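Engineer: Below is input.cif; it holds mmCIF, C-alpha atoms.
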```cif
data_coords
#
loop_
_atom_site.label_atom_id
_atom_site.label_comp_id
_atom_site.auth_asym_id
_atom_site.auth_seq_id
_atom_site.Cartn_x
_atom_site.Cartn_y
_atom_site.Cartn_z
CA MET A 1 97.59 87.30 119.36
CA THR A 2 94.88 89.89 118.76
CA LEU A 3 93.73 89.66 122.38
CA ILE A 4 97.27 90.39 123.54
CA VAL A 5 97.87 93.34 121.20
CA ASP A 6 94.46 94.80 122.11
CA ALA A 7 95.45 94.68 125.79
CA PHE A 8 97.71 97.70 125.22
CA ASP A 9 95.69 100.91 125.56
CA SER A 10 98.29 103.15 123.91
CA ARG A 11 101.82 103.24 122.57
CA PHE A 12 103.02 104.23 126.05
CA THR A 13 101.39 101.32 127.91
CA ARG A 14 103.74 98.80 129.51
CA LEU A 15 102.45 95.52 130.93
CA ASN A 16 104.09 92.54 132.58
CA LEU A 17 103.16 88.90 131.94
CA GLU A 18 100.75 88.73 134.88
CA GLN A 19 98.86 91.83 133.75
CA ILE A 20 98.59 90.57 130.16
CA ALA A 21 97.30 87.18 131.31
CA CYS A 22 94.74 88.96 133.53
CA ARG A 23 93.54 91.28 130.75
CA THR A 24 93.29 88.55 128.10
CA HIS A 25 92.10 85.71 130.40
CA LEU A 26 94.79 83.50 128.83
CA PRO A 27 96.83 80.98 130.84
CA ARG A 28 100.24 82.41 131.75
CA SER A 29 102.06 79.71 129.78
CA THR A 30 99.99 80.39 126.65
CA ALA A 31 100.40 84.16 126.99
CA HIS A 32 104.16 83.78 127.48
CA ARG A 33 104.54 81.61 124.38
CA ILE A 34 102.57 84.04 122.18
CA LEU A 35 104.39 87.03 123.66
CA ASP A 36 107.72 85.51 122.64
CA GLN A 37 106.46 85.12 119.09
CA LEU A 38 105.13 88.68 118.96
CA VAL A 39 108.46 90.04 120.21
CA GLN A 40 110.37 88.04 117.59
CA LEU A 41 108.09 89.45 114.87
CA SER A 42 108.46 93.07 116.19
CA TRP A 43 104.76 93.42 117.06
CA LEU A 44 105.83 93.91 120.68
CA GLU A 45 108.99 95.00 122.49
CA HIS A 46 110.24 93.51 125.74
CA THR A 47 112.51 95.21 128.27
CA SER A 48 113.12 94.88 132.00
CA MET A 49 110.16 97.27 132.49
CA GLY A 50 107.73 94.98 130.66
CA TYR A 51 106.11 94.59 127.25
CA SER A 52 105.05 97.46 124.98
CA LEU A 53 103.85 97.87 121.41
CA GLY A 54 106.61 97.28 118.88
CA ARG A 55 107.66 98.77 115.55
CA ARG A 56 105.13 96.90 113.43
CA ALA A 57 102.16 97.65 115.71
CA LEU A 58 103.07 101.33 115.94
CA GLY A 59 103.52 101.50 112.19
CA LEU A 60 99.82 100.75 111.72
CA GLY A 61 98.83 103.86 113.68
CA GLY A 62 101.48 106.13 112.25
CA GLN A 63 103.24 109.01 113.95
CA ASP A 64 100.10 111.15 113.82
CA GLY A 65 98.42 108.71 116.17
CA ALA A 66 101.15 109.23 118.78
CA HIS A 67 100.97 112.99 118.36
CA GLY A 68 97.20 112.85 118.82
CA GLU A 69 97.62 110.99 122.10
CA ILE A 70 100.09 113.59 123.36
CA ARG A 71 97.85 116.52 122.36
CA LYS A 72 94.84 114.91 124.02
CA ALA A 73 96.75 114.22 127.23
CA ALA A 74 98.10 117.77 127.35
CA ALA A 75 95.07 119.83 126.20
CA ASP A 76 93.48 120.63 129.59
CA VAL A 77 96.88 121.05 131.24
CA LEU A 78 98.01 123.60 128.65
CA HIS A 79 94.86 125.70 129.04
CA SER A 80 95.13 125.60 132.83
CA LEU A 81 98.80 126.59 132.66
CA HIS A 82 97.98 129.57 130.43
CA LEU A 83 95.19 130.74 132.76
CA ARG A 84 97.45 130.48 135.84
CA THR A 85 100.48 132.19 134.30
CA GLY A 86 99.06 134.48 131.62
CA MET A 87 101.87 133.31 129.33
CA VAL A 88 101.84 131.71 125.89
CA VAL A 89 102.11 127.94 126.20
CA HIS A 90 103.65 125.71 123.52
CA LEU A 91 103.56 121.93 123.22
CA ALA A 92 106.25 120.45 120.99
CA VAL A 93 107.60 117.01 120.07
CA LEU A 94 110.90 115.66 118.83
CA ASP A 95 110.69 115.06 115.08
CA GLY A 96 114.03 113.62 114.00
CA SER A 97 116.56 116.41 114.48
CA MET A 98 113.77 119.00 114.62
CA GLU A 99 111.28 120.24 117.17
CA MET A 100 107.67 120.48 115.91
CA TYR A 101 104.92 122.48 117.58
CA LEU A 102 101.78 120.44 118.26
CA ASP A 103 99.80 123.11 120.09
CA LYS A 104 99.89 126.78 121.07
CA VAL A 105 97.69 128.37 123.73
CA GLY A 106 97.62 132.06 124.65
CA GLY A 107 95.83 135.34 124.59
CA ARG A 108 96.60 138.49 122.64
CA TYR A 109 100.36 137.98 122.82
CA ALA A 110 100.06 134.57 121.12
CA SER A 111 99.06 136.25 117.86
CA VAL A 112 102.21 138.39 118.00
CA LEU A 113 104.61 135.46 118.32
CA PRO A 114 105.67 133.94 114.97
CA SER A 115 105.41 130.34 116.21
CA LYS A 116 102.72 128.21 114.54
CA VAL A 117 101.30 124.72 115.03
CA GLY A 118 103.17 122.39 112.68
CA GLN A 119 106.22 124.65 112.53
CA ARG A 120 109.60 122.93 112.76
CA SER A 121 112.85 124.31 114.16
CA ALA A 122 116.30 122.85 114.76
CA ILE A 123 115.91 121.18 118.13
CA TYR A 124 119.02 122.66 119.73
CA LYS A 125 117.86 126.22 118.98
CA THR A 126 114.68 126.18 121.10
CA THR A 127 114.06 126.10 124.83
CA GLY A 128 111.74 123.12 124.52
CA GLY A 129 114.10 121.33 122.19
CA ARG A 130 116.98 121.63 124.63
CA ALA A 131 114.70 120.44 127.46
CA MET A 132 114.19 117.21 125.49
CA LEU A 133 117.83 116.87 124.46
CA ALA A 134 118.93 117.09 128.11
CA TRP A 135 117.34 113.68 128.77
CA LEU A 136 119.10 111.94 125.88
CA GLU A 137 122.51 110.30 125.97
CA PRO A 138 125.34 112.57 124.75
CA GLU A 139 125.97 110.21 121.84
CA ARG A 140 122.32 110.48 120.79
CA VAL A 141 122.53 114.28 120.98
CA ASP A 142 125.60 114.22 118.75
CA ASP A 143 123.80 112.00 116.24
CA LEU A 144 120.81 114.33 116.11
CA VAL A 145 122.55 117.69 115.87
CA GLY A 146 126.14 116.95 114.89
CA GLU A 147 125.59 117.51 111.18
CA ARG A 148 123.47 120.64 111.65
CA ILE A 149 125.40 122.56 114.27
CA THR A 150 127.98 125.26 113.48
CA ARG A 151 131.50 124.04 112.67
CA PRO A 152 133.91 125.53 113.54
CA PRO A 153 132.50 127.47 116.50
CA GLN A 154 131.48 131.05 115.75
CA PRO A 155 130.66 133.89 118.16
CA GLY A 156 126.98 133.85 119.07
CA LYS A 157 126.41 130.46 117.40
CA TRP A 158 125.87 127.05 118.96
CA ASP A 159 128.60 124.42 118.77
CA LEU A 160 128.57 120.93 120.28
CA MET A 161 130.66 121.88 123.32
CA SER A 162 128.52 124.90 124.24
CA LEU A 163 125.35 122.85 123.67
CA HIS A 164 126.49 120.07 125.98
CA ARG A 165 127.42 122.65 128.64
CA GLU A 166 123.88 124.06 128.45
CA LEU A 167 122.35 120.56 128.63
CA ASN A 168 124.38 119.94 131.79
CA ARG A 169 122.97 123.14 133.29
CA ILE A 170 119.45 122.00 132.40
CA ARG A 171 120.00 118.66 134.14
CA ALA A 172 121.42 120.50 137.18
CA ARG A 173 118.15 122.49 137.33
CA GLY A 174 116.14 119.27 137.39
CA GLY A 175 115.27 119.39 133.68
CA ILE A 176 114.24 123.07 133.49
CA SER A 177 115.44 124.78 130.29
CA LEU A 178 115.71 128.58 130.60
CA ASP A 179 116.28 131.28 128.01
CA ARG A 180 116.26 134.80 129.45
CA GLY A 181 117.11 136.27 126.07
CA GLU A 182 120.72 135.08 125.87
CA PHE A 183 119.95 132.51 123.16
CA THR A 184 117.09 134.08 121.17
CA ALA A 185 115.67 137.56 120.81
CA GLU A 186 112.03 136.48 120.39
CA CYS A 187 110.96 136.26 124.04
CA PRO A 188 112.22 134.94 127.37
CA SER A 189 111.04 131.37 127.82
CA VAL A 190 111.21 128.33 130.08
CA ALA A 191 110.51 124.69 129.22
CA ALA A 192 110.35 121.20 130.68
CA ALA A 193 110.24 117.82 128.98
CA VAL A 194 107.36 115.36 129.14
CA ARG A 195 108.89 111.93 129.71
CA THR A 196 107.66 108.36 129.51
CA HIS A 197 109.42 105.00 129.67
CA GLU A 198 110.74 105.80 126.19
CA GLY A 199 112.43 109.00 127.38
CA PRO A 200 111.44 112.55 126.38
CA VAL A 201 108.40 112.50 124.08
CA ALA A 202 107.39 116.17 124.23
CA ALA A 203 108.15 119.53 125.83
CA ILE A 204 105.97 122.23 127.35
CA SER A 205 107.30 125.78 127.17
CA LEU A 206 106.13 129.15 128.49
CA CYS A 207 106.90 132.41 126.73
CA ALA A 208 106.85 135.63 128.80
CA GLU A 209 105.64 138.90 127.29
CA SER A 210 107.21 141.39 129.69
CA GLY A 211 110.75 140.27 130.44
CA SER A 212 112.42 137.34 132.15
CA ALA A 213 111.62 138.28 135.76
CA GLN A 214 108.43 136.19 135.64
CA LEU A 215 110.13 132.95 134.62
CA ASP A 216 111.36 131.84 138.05
CA ARG A 217 107.92 132.10 139.63
CA VAL A 218 106.28 129.86 137.00
CA VAL A 219 108.88 127.06 137.13
CA PRO A 220 106.93 125.03 139.77
CA LEU A 221 103.73 125.33 137.73
CA LEU A 222 105.55 124.26 134.57
CA ALA A 223 107.23 121.29 136.25
CA ASP A 224 103.87 120.17 137.66
CA ALA A 225 102.24 120.48 134.21
CA ALA A 226 104.93 118.34 132.58
CA ARG A 227 104.55 115.74 135.34
CA ARG A 228 100.76 115.63 134.93
CA VAL A 229 101.00 115.08 131.17
CA SER A 230 103.58 112.33 131.72
CA GLN A 231 101.22 110.63 134.16
CA ALA A 232 98.32 110.97 131.71
CA LEU A 233 100.38 109.18 129.07
CA LEU A 234 101.36 106.47 131.54
CA PRO A 235 98.22 105.43 133.42
CA ASP A 236 98.67 102.62 135.91
CA PRO A 237 97.52 99.53 133.97
CA ALA A 238 97.49 97.19 136.95
CA PRO A 239 94.35 96.04 138.73
CA ALA A 240 94.18 96.88 142.42
CA SER A 241 95.34 93.39 143.45
CA ALA A 242 98.49 93.69 141.37
CA SER A 243 99.24 97.40 141.81
CA ARG A 244 101.93 96.77 144.41
CA SER A 245 104.06 94.93 141.87
CA VAL A 246 104.10 97.71 139.28
CA GLN A 247 106.09 100.88 139.78
CA ALA A 248 106.74 103.62 137.23
CA PRO A 249 110.52 103.87 136.83
CA THR A 250 112.39 107.14 136.93
CA VAL A 251 113.88 107.60 133.48
CA VAL A 252 117.46 108.81 133.80
CA PRO A 253 119.87 108.48 130.87
CA ARG A 254 122.97 106.41 131.44
CA GLY A 255 125.85 108.58 132.51
CA ALA A 256 123.58 111.38 133.76
CA ALA A 257 124.90 111.07 137.28
CA ALA A 258 128.46 111.42 136.06
CA ARG A 259 127.54 114.47 134.01
CA ARG A 260 126.00 116.12 137.06
#
```
Go through the file and emit its structure as structure tokens.

Structural biologist:
Amino acid sequence: MTLIVDAFDSRFTRLNLEQIACRTHLPRSTAHRILDQLVQLSWLEHTSMGYSLGRRALGLGGQDGAHGEIRKAAADVLHSLHLRTGMVVHLAVLDGSMEMYLDKVGGRYASVLPSKVGQRSAIYKTTGGRAMLAWLEPERVDDLVGERITRPPQPGKWDLMSLHRELNRIRARGGISLDRGEFTAECPSVAAAVRTHEGPVAAISLCAESGSAQLDRVVPLLADAARRVSQALLPDPAPASASRSVQAPTVVPRGAAARR
């Protein structure tokens, strides 16, 4: 059982039976029997995409362990993105119904912005938060923000209908969340979600100092940064001989096509 659990490099690793048997040098039948027991005991999870660490295994590392993995995977990418754009770069994660900043990279302008590492904000109020929400099912969005959002609708305030309209626009832009100053007065910003097999796990956002005209030109750089961090969190676990049988799925929430 320990051999099998140790075969998973991180909370984002997904392996099939053949890969687990290869890594542990256990017979397939033995590995399959133990895997079934580990799934029943919540040490592992099993979906059509393979096996991954379960609730009990992740509980040993705690949420900080997952956040550490994300920060490590994103560190070089964030610095490179700042150098190429000159903008302030934020890395944030979904923390319940809140968005929490894990990292902030920037020059002089970074010290002017009030955002801080560890700071939490209502997820629907931020560019990065909405980038993550756009990849969740509408019912999940309602569960997260339904009790926090303005009721009844008020001028200049978010309500569920206006939020879902904005999430549809984000999906139509391929996951790019834009705020040219129409939602917040702090600074124009653009964000994209970092996604794994589990869905959106983080968001990278860029904050422009001198107006919104710069945002469109940095969208390709931002999208590439989010993709690179996603790939860093999901390294190909298969040996060369088995690589043809393992493909990283495109994570699209059910009903997304209909919403587009």

Engineer: Go ahead and fit an axis-aligned box to every listed atom of stretch 98-115 of chain A plus 8 Å each side, and pass me the centre and edge lengths in Å, one decimal, as AutoDock Vina command-line options.

Structural biologist:
```
--center_x 104.8 --center_y 128.7 --center_z 119.6 --size_x 33.9 --size_y 35.5 --size_z 26.0
```

Engineer: Translate the PyMOL selection byres ((chain A and resi 225) around 10) into a concrete residue list for this structure, as a PyMOL selection string.

Structural biologist: chain A and resi 74+76-78+80-81+192-194+204+219-224+226-231

Engineer: Please write as a PyMOL selection string the full residue list that the PyMOL selection byres ((chain A and resi 97-105) around 7) yields on this file.

Structural biologist: chain A and resi 71+78-79+82+88-96+106+116-123+129+144-145

Engineer: Would you mind listing what lies within 12 Å of stretch 139-143 of chain A as a ChimeraX atom specification, with all atoms listed in the file counted and same-chain residues fewer than 6 positions away left out?

Structural biologist: /A:94,96-98,123-124,129-133,149,159-161,163-164,167,199,253-255

Engineer: What is the distance, in Å and to one decimal place, between atom CA of A:Arg108 and atom CA of A:Leu215?

Structural biologist: 18.9 Å

Engineer: Suppose you want the space between atom CA of A:Pro200 and atom CA of A:Asp6; what is it in Å?

Structural biologist: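 So the two atoms, atom CA of A:Pro200 and atom CA of A:Asp6, lie 24.9 Å apart.
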
Engineer: Do you know which residues lie at most 9 Å from (115.5, 122.4, 131.9), with coordinates as in the file and all atoms listed in the file counted, and could you write them as a list of chain:residue names?

Structural biologist: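 The answer, in the requested form, is A:Thr127, A:Gly128, A:Arg130, A:Ala131, A:Met132, A:Ala134, A:Leu167, A:Arg169, A:Ile170, A:Arg171, A:Ala172, A:Arg173, A:Gly174, A:Gly175, A:Ile176, A:Ser177, A:Leu178, A:Val190, A:Ala191, A:Ala192, A:Ala193.
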
Engineer: Once you count only C-alpha atoms, which residues end up no further than 7 Å from (102.2, 82.6, 133.0) in the file's frame, shown as a PyMOL selection string?

Structural biologist: chain A and resi 17-18+21+27-29+31-32

Engineer: Residues near A:Leu44, anyone? I mean within 6 Å using only C-alpha atoms, not counting same-chain ones fewer than 3 positions away, as a list of chain:residue names.

Structural biologist: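 Surrounding residues, per the criterion: A:Leu38, A:Val39, A:Ser52, A:Leu53, A:Gly54.
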
Engineer: State, in Å with one decimal place, the distance from atom CA of A:Leu234 to atom CA of A:Arg14.

Structural biologist: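 Answer for the atom CA of A:Leu234 to atom CA of A:Arg14 separation: 8.3 Å.
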
Engineer: Would you translate the PyMOL selection byres ((chain A and resi 23) around 12) into the concrete set of residues it matches in this file, as JSON, numbers by chain?

Structural biologist: {"A": [3, 4, 5, 6, 7, 8, 9, 15, 16, 17, 18, 19, 20, 21, 22, 24, 25, 26, 27, 28, 31, 237, 238, 239, 242]}

Engineer: Any chance you can output those residues with C-alpha atoms as a compact mmCIF listing (two decimals), keeping the file's coordinate frame?

Structural biologist:
```txt
# COMPACT_ATOMS: atom_id res chain seq x y z
CA LEU A 3 93.73 89.66 122.38
CA ILE A 4 97.27 90.39 123.54
CA VAL A 5 97.87 93.34 121.20
CA ASP A 6 94.46 94.80 122.11
CA ALA A 7 95.45 94.68 125.79
CA PHE A 8 97.71 97.70 125.22
CA ASP A 9 95.69 100.91 125.56
CA LEU A 15 102.45 95.52 130.93
CA ASN A 16 104.09 92.54 132.58
CA LEU A 17 103.16 88.90 131.94
CA GLU A 18 100.75 88.73 134.88
CA GLN A 19 98.86 91.83 133.75
CA ILE A 20 98.59 90.57 130.16
CA ALA A 21 97.30 87.18 131.31
CA CYS A 22 94.74 88.96 133.53
CA THR A 24 93.29 88.55 128.10
CA HIS A 25 92.10 85.71 130.40
CA LEU A 26 94.79 83.50 128.83
CA PRO A 27 96.83 80.98 130.84
CA ARG A 28 100.24 82.41 131.75
CA ALA A 31 100.40 84.16 126.99
CA PRO A 237 97.52 99.53 133.97
CA ALA A 238 97.49 97.19 136.95
CA PRO A 239 94.35 96.04 138.73
CA ALA A 242 98.49 93.69 141.37
```

Engineer: What lies within 12 Å of A:Gln40 using only C-alpha atoms, ignoring chain neighbours under 6 positions off, as a ChimeraX atom specification?

Structural biologist: /A:33-34,46,54-56

Engineer: Could you write out the selected residues, including C-alpha atoms, as a PDB file, in the coordinates of the input?

Structural biologist:
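File written: selection-v4.pdb
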```pdb
ATOM      1  CA  ARG A  33     104.540  81.610 124.380  1.00  0.00           C
ATOM      2  CA  ILE A  34     102.570  84.040 122.180  1.00  0.00           C
ATOM      3  CA  HIS A  46     110.240  93.510 125.740  1.00  0.00           C
ATOM      4  CA  GLY A  54     106.610  97.280 118.880  1.00  0.00           C
ATOM      5  CA  ARG A  55     107.660  98.770 115.550  1.00  0.00           C
ATOM      6  CA  ARG A  56     105.130  96.900 113.430  1.00  0.00           C
TER       7      ARG A  56
END
```

Engineer: If I only have part of stretch 153-180 of chain A, can you fill in N, CA and C atoms and write it as a PDB file, keeping the file's coordinate frame?

Structural biologist:
```pdb
ATOM      1  N   PRO A 153     133.284 126.551 115.683  1.00  0.00           N
ATOM      2  CA  PRO A 153     132.500 127.470 116.500  1.00  0.00           C
ATOM      3  C   PRO A 153     132.626 128.911 116.038  1.00  0.00           C
ATOM      4  N   GLN A 154     131.507 129.638 116.106  1.00  0.00           N
ATOM      5  CA  GLN A 154     131.480 131.050 115.750  1.00  0.00           C
ATOM      6  C   GLN A 154     130.835 131.830 116.884  1.00  0.00           C
ATOM      7  N   PRO A 155     131.255 133.084 117.082  1.00  0.00           N
ATOM      8  CA  PRO A 155     130.660 133.890 118.160  1.00  0.00           C
ATOM      9  C   PRO A 155     129.145 133.994 117.998  1.00  0.00           C
ATOM     10  N   GLY A 156     128.426 133.743 119.096  1.00  0.00           N
ATOM     11  CA  GLY A 156     126.980 133.850 119.070  1.00  0.00           C
ATOM     12  C   GLY A 156     126.276 132.661 118.440  1.00  0.00           C
ATOM     13  N   LYS A 157     127.002 131.642 118.016  1.00  0.00           N
ATOM     14  CA  LYS A 157     126.410 130.460 117.400  1.00  0.00           C
ATOM     15  C   LYS A 157     126.649 129.233 118.283  1.00  0.00           C
ATOM     16  N   TRP A 158     125.718 128.281 118.200  1.00  0.00           N
ATOM     17  CA  TRP A 158     125.870 127.050 118.960  1.00  0.00           C
ATOM     18  C   TRP A 158     126.948 126.166 118.340  1.00  0.00           C
ATOM     19  N   ASP A 159     127.745 125.519 119.192  1.00  0.00           N
ATOM     20  CA  ASP A 159     128.600 124.420 118.770  1.00  0.00           C
ATOM     21  C   ASP A 159     128.365 123.284 119.759  1.00  0.00           C
ATOM     22  N   LEU A 160     128.872 122.097 119.451  1.00  0.00           N
ATOM     23  CA  LEU A 160     128.570 120.930 120.280  1.00  0.00           C
ATOM     24  C   LEU A 160     129.003 121.114 121.730  1.00  0.00           C
ATOM     25  N   MET A 161     130.169 121.724 121.946  1.00  0.00           N
ATOM     26  CA  MET A 161     130.660 121.880 123.320  1.00  0.00           C
ATOM     27  C   MET A 161     129.755 122.822 124.117  1.00  0.00           C
ATOM     28  N   SER A 162     129.380 123.955 123.525  1.00  0.00           N
ATOM     29  CA  SER A 162     128.520 124.900 124.240  1.00  0.00           C
ATOM     30  C   SER A 162     127.124 124.297 124.456  1.00  0.00           C
ATOM     31  N   LEU A 163     126.649 123.496 123.505  1.00  0.00           N
ATOM     32  CA  LEU A 163     125.350 122.850 123.670  1.00  0.00           C
ATOM     33  C   LEU A 163     125.374 121.867 124.828  1.00  0.00           C
ATOM     34  N   HIS A 164     126.406 121.042 124.897  1.00  0.00           N
ATOM     35  CA  HIS A 164     126.490 120.070 125.980  1.00  0.00           C
ATOM     36  C   HIS A 164     126.638 120.763 127.338  1.00  0.00           C
ATOM     37  N   ARG A 165     127.330 121.900 127.381  1.00  0.00           N
ATOM     38  CA  ARG A 165     127.420 122.650 128.640  1.00  0.00           C
ATOM     39  C   ARG A 165     126.028 123.114 129.077  1.00  0.00           C
ATOM     40  N   GLU A 166     125.233 123.609 128.119  1.00  0.00           N
ATOM     41  CA  GLU A 166     123.880 124.060 128.450  1.00  0.00           C
ATOM     42  C   GLU A 166     123.009 122.887 128.878  1.00  0.00           C
ATOM     43  N   LEU A 167     123.138 121.729 128.234  1.00  0.00           N
ATOM     44  CA  LEU A 167     122.350 120.560 128.630  1.00  0.00           C
ATOM     45  C   LEU A 167     122.707 120.116 130.043  1.00  0.00           C
ATOM     46  N   ASN A 168     123.979 120.237 130.416  1.00  0.00           N
ATOM     47  CA  ASN A 168     124.380 119.940 131.790  1.00  0.00           C
ATOM     48  C   ASN A 168     123.719 120.889 132.782  1.00  0.00           C
ATOM     49  N   ARG A 169     123.631 122.168 132.413  1.00  0.00           N
ATOM     50  CA  ARG A 169     122.970 123.140 133.290  1.00  0.00           C
ATOM     51  C   ARG A 169     121.488 122.816 133.434  1.00  0.00           C
ATOM     52  N   ILE A 170     120.865 122.372 132.346  1.00  0.00           N
ATOM     53  CA  ILE A 170     119.450 122.000 132.400  1.00  0.00           C
ATOM     54  C   ILE A 170     119.250 120.821 133.349  1.00  0.00           C
ATOM     55  N   ARG A 171     120.109 119.819 133.240  1.00  0.00           N
ATOM     56  CA  ARG A 171     120.000 118.660 134.140  1.00  0.00           C
ATOM     57  C   ARG A 171     120.221 119.087 135.590  1.00  0.00           C
ATOM     58  N   ALA A 172     121.152 120.019 135.821  1.00  0.00           N
ATOM     59  CA  ALA A 172     121.420 120.500 137.180  1.00  0.00           C
ATOM     60  C   ALA A 172     120.218 121.235 137.754  1.00  0.00           C
ATOM     61  N   ARG A 173     119.370 121.810 136.873  1.00  0.00           N
ATOM     62  CA  ARG A 173     118.150 122.490 137.330  1.00  0.00           C
ATOM     63  C   ARG A 173     116.967 121.528 137.396  1.00  0.00           C
ATOM     64  N   GLY A 174     117.218 120.240 137.316  1.00  0.00           N
ATOM     65  CA  GLY A 174     116.140 119.270 137.390  1.00  0.00           C
ATOM     66  C   GLY A 174     115.347 119.135 136.113  1.00  0.00           C
ATOM     67  N   GLY A 175     115.947 119.518 134.968  1.00  0.00           N
ATOM     68  CA  GLY A 175     115.270 119.390 133.680  1.00  0.00           C
ATOM     69  C   GLY A 175     114.636 120.670 133.191  1.00  0.00           C
ATOM     70  N   ILE A 176     114.834 121.783 133.887  1.00  0.00           N
ATOM     71  CA  ILE A 176     114.240 123.070 133.490  1.00  0.00           C
ATOM     72  C   ILE A 176     115.185 123.788 132.524  1.00  0.00           C
ATOM     73  N   SER A 177     114.677 124.064 131.325  1.00  0.00           N
ATOM     74  CA  SER A 177     115.440 124.780 130.290  1.00  0.00           C
ATOM     75  C   SER A 177     115.023 126.243 130.301  1.00  0.00           C
ATOM     76  N   LEU A 178     115.980 127.147 130.479  1.00  0.00           N
ATOM     77  CA  LEU A 178     115.710 128.580 130.600  1.00  0.00           C
ATOM     78  C   LEU A 178     116.395 129.358 129.483  1.00  0.00           C
ATOM     79  N   ASP A 179     115.695 130.340 128.974  1.00  0.00           N
ATOM     80  CA  ASP A 179     116.280 131.280 128.010  1.00  0.00           C
ATOM     81  C   ASP A 179     115.777 132.667 128.372  1.00  0.00           C
ATOM     82  N   ARG A 180     116.643 133.449 129.023  1.00  0.00           N
ATOM     83  CA  ARG A 180     116.260 134.800 129.450  1.00  0.00           C
ATOM     84  C   ARG A 180     116.552 135.841 128.382  1.00  0.00           C
TER      85      ARG A 180
END
```
